[in-house]
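Q: For reference, the structure I am asking about is given below.
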Amino acid sequence: MTLDTLPARSVSNSLPFDTLAAQPADALLSLIALYRADDRPQKIDLGVGVFRDDAGDTPVMHAVKAAEAALLKTQVTKSYLGAEGDAAYTALLEGIVFGDPTAGERLNGVQTPGGTGALRLGAELLARANREAQVWIGTPTWPNHAPIFAEAGLSTRSHRFHDAASGHIDFDAMLYDLAAARAGDILLLHGCCHNPTGSDFTPEQWQAVADLCAARGLIPFVDLAYQGLGDGLAEDAAATRMIFDALPTALLAYSCDKNFGLYRERVGALWALSANSAIAERVRSNMLSLARSLWSMPPDHGAAIVRTILENDALRADWRDELDAMRARLNGLRAALAATHPRLSAIADQRGMFAMLPLTPEAVAALREEHGIYMAGNGRINIAGLRADTVPVFAQALRPHLEALNGNA
């Protein structure tokens, strides 16, 4: 039989993708394109969520360079590691995240392709366990959170979280909305350095969240993507450790993208806490089978870098020094920006790379067109996109828009 003699098929069968709906362009990627096309030398990029130094660069950390040099000399194979990835990497990172965990065999961790991979693997695990569970997500949040859970087949619900006018968490409104959550539902939590608001719970509020989960049978899923960029490694993990100590079941998605500067290497991990060791064995087998179907084996290079740093005392010390400097830069810029206008004062008490400005979409567009200042349409800015010399320039451009808010108050 030749192609000429094959039976004819209908046109609809020959166009299998004709039922696909066009998807909207990613807003951040569109913003990047606009920024690159702008030839004004004074333009400011506050949109892309990467750390930048005083020169506006996103450098490779010295500890990372040293680890890569060591790997070049010592690595003898590029063979597969298995669906769980680099077990030594996960074990060393577990110490950074949990300190001295008391869960023992109840806690399972596997390497994932970035924090996004960890979130997706956790979502698939939860969907396999209980597809009727709902995922409660605060507003606003990282735009990719809801799609990740939706693609895993889980329904999402939103609860109030941040009050844009005051720049603070509306905790009472959050608790009111979560009164509708059912036993077995999942509560997504930002472990520190909330993206996009920079607003984190107080220790007392974290305890109230843990109490709520225990009382209503909710499963906390912590997204810890910025450890060390808020108040310190231990300080930024304190809430996660408390949650995992207080509850029988919890999940943690972790990213090394920001605190190791390994954005394009996609380095992450997922930990799942189970009520007992017997359940934990079943959880691990499901984590590995799901990982095998999603990406088969995670990429090795970035995880090998992190492992090399954490198992070497000198490199670990260098990494922590660099991380301390990054954190100091972010918090210094926060203080400087907060001091420029009363409407921005809350930014000084927030942490991490991001903040939400009380701006309308029209004001965001005007700042872009008139001043070459680029930010997300909802007013989210990347603090690291500022420099000491651009803070006053940015503040001056913001002032009329902030004053307009005062006039409408």
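Identifiers for the structure tokens are assigned positionally: chains receive A, B, ... in sequence, residues are indexed from 1 per chain, and ligands are indexed from 1 in the order shown.
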Mind listing the strand (DSSP E or B) residues of range 206-291 of chain A, per DSSP on the backbone, as number ranges by chain?

A: A: 219-224, 250-255, 267-273

Q: Could you turn the residues from that selection into a file that holds C-alpha atoms, as a short mmCIF file (atom, residue, chain, number, x, y, z; two decimals), in the first residue's frame?

A:
data_model
loop_
_atom_site.label_atom_id
_atom_site.label_comp_id
_atom_site.auth_asym_id
_atom_site.auth_seq_id
_atom_site.Cartn_x
_atom_site.Cartn_y
_atom_site.Cartn_z
CA ILE A 219 -3.92 20.63 54.39
CA PRO A 220 -1.35 23.45 54.22
CA PHE A 221 0.76 23.63 51.07
CA VAL A 222 3.64 26.04 51.67
CA ASP A 223 5.42 27.68 48.73
CA LEU A 224 8.89 28.69 49.96
CA ALA A 250 1.53 19.22 54.98
CA LEU A 251 3.40 19.90 51.75
CA LEU A 252 6.27 22.23 50.90
CA ALA A 253 7.35 23.40 47.44
CA TYR A 254 10.86 24.85 47.44
CA SER A 255 12.87 26.83 44.92
CA VAL A 267 16.31 23.69 40.93
CA GLY A 268 13.60 22.79 43.42
CA ALA A 269 12.23 20.16 45.77
CA LEU A 270 8.93 18.90 47.15
CA TRP A 271 8.47 17.62 50.68
CA ALA A 272 5.36 15.82 51.89
CA LEU A 273 4.58 15.20 55.56
#

Q: Need the shell around Ala69 in chain A: protein/DNA/RNA residues with any atom at most 12 Å away, counting only C-alpha atoms. Skip same-chain ones fewer than 6 positions apart. Format as a PDB file with N, CA and C atoms, in the first residue's frame?

A:
ATOM      1  N   HIS A  62      29.412  33.881  43.360  1.00  0.00           N
ATOM      2  CA  HIS A  62      30.784  33.372  43.417  1.00  0.00           C
ATOM      3  C   HIS A  62      30.802  31.914  43.883  1.00  0.00           C
ATOM      4  N   ALA A  63      29.963  31.587  44.856  1.00  0.00           N
ATOM      5  CA  ALA A  63      29.914  30.202  45.352  1.00  0.00           C
ATOM      6  C   ALA A  63      29.439  29.258  44.260  1.00  0.00           C
ATOM      7  N   GLN A  75      33.264  15.590  38.277  1.00  0.00           N
ATOM      8  CA  GLN A  75      32.113  14.821  37.793  1.00  0.00           C
ATOM      9  C   GLN A  75      32.542  13.856  36.695  1.00  0.00           C
ATOM     10  N   ALA A 304      23.280  19.623  41.533  1.00  0.00           N
ATOM     11  CA  ALA A 304      24.659  19.276  41.866  1.00  0.00           C
ATOM     12  C   ALA A 304      25.427  20.496  42.371  1.00  0.00           C
ATOM     13  N   ILE A 305      25.128  21.661  41.815  1.00  0.00           N
ATOM     14  CA  ILE A 305      25.755  22.902  42.292  1.00  0.00           C
ATOM     15  C   ILE A 305      25.370  23.154  43.747  1.00  0.00           C
ATOM     16  N   THR A 308      27.029  20.656  46.055  1.00  0.00           N
ATOM     17  CA  THR A 308      28.457  20.946  46.208  1.00  0.00           C
ATOM     18  C   THR A 308      28.688  22.104  47.159  1.00  0.00           C
ATOM     19  N   ILE A 309      27.841  23.109  47.097  1.00  0.00           N
ATOM     20  CA  ILE A 309      27.969  24.258  48.007  1.00  0.00           C
ATOM     21  C   ILE A 309      27.661  23.847  49.437  1.00  0.00           C
ATOM     22  N   LEU A 315      32.444  26.901  50.862  1.00  0.00           N
ATOM     23  CA  LEU A 315      31.490  27.364  49.865  1.00  0.00           C
ATOM     24  C   LEU A 315      30.157  27.740  50.502  1.00  0.00           C
TER      25      LEU A 315
END

Q: Find the residue from A:Ala129, A:Leu233, A:Leu398, A:Leu31 that sits nearest to Val283 in chain A; use only C-alpha atoms when measuring.

A: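 With only C-alpha atoms as the atom set, the closest residue is A:Ala129.
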
Q: Could you list, as a VMD selection string, every residue within 10 Å of Ile347 in chain A, counting only C-alpha atoms and ignoring same-chain residues fewer than 4 positions away?

A: chain A and resid 167 to 168 197 to 199 331 333 to 339 343 351 354 to 357 383

Q: Point out the residue among A:Asp200, A:Asp245, A:Glu68, A:Asp53 with the least atom-to-atom distance to Glu322 in chain A, counting only C-alpha atoms.

A: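 Ranking A:Asp200, A:Asp245, A:Glu68, A:Asp53 by distance to Glu322 in chain A, first place goes to A:Asp53.
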
Q: Using only C-alpha atoms, can you tell me which of A:Leu290, A:Pro196, A:Gly114, A:Phe161 comes closest to Tyr263 in chain A?

A: A:Gly114

Q: Using only C-alpha atoms, which of A:Arg282, A:Val364, A:Ala303, A:Leu402 sits nearest Asp86 in chain A?

A: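 Counting only C-alpha atoms, the residue closest to Asp86 in chain A is A:Ala303.
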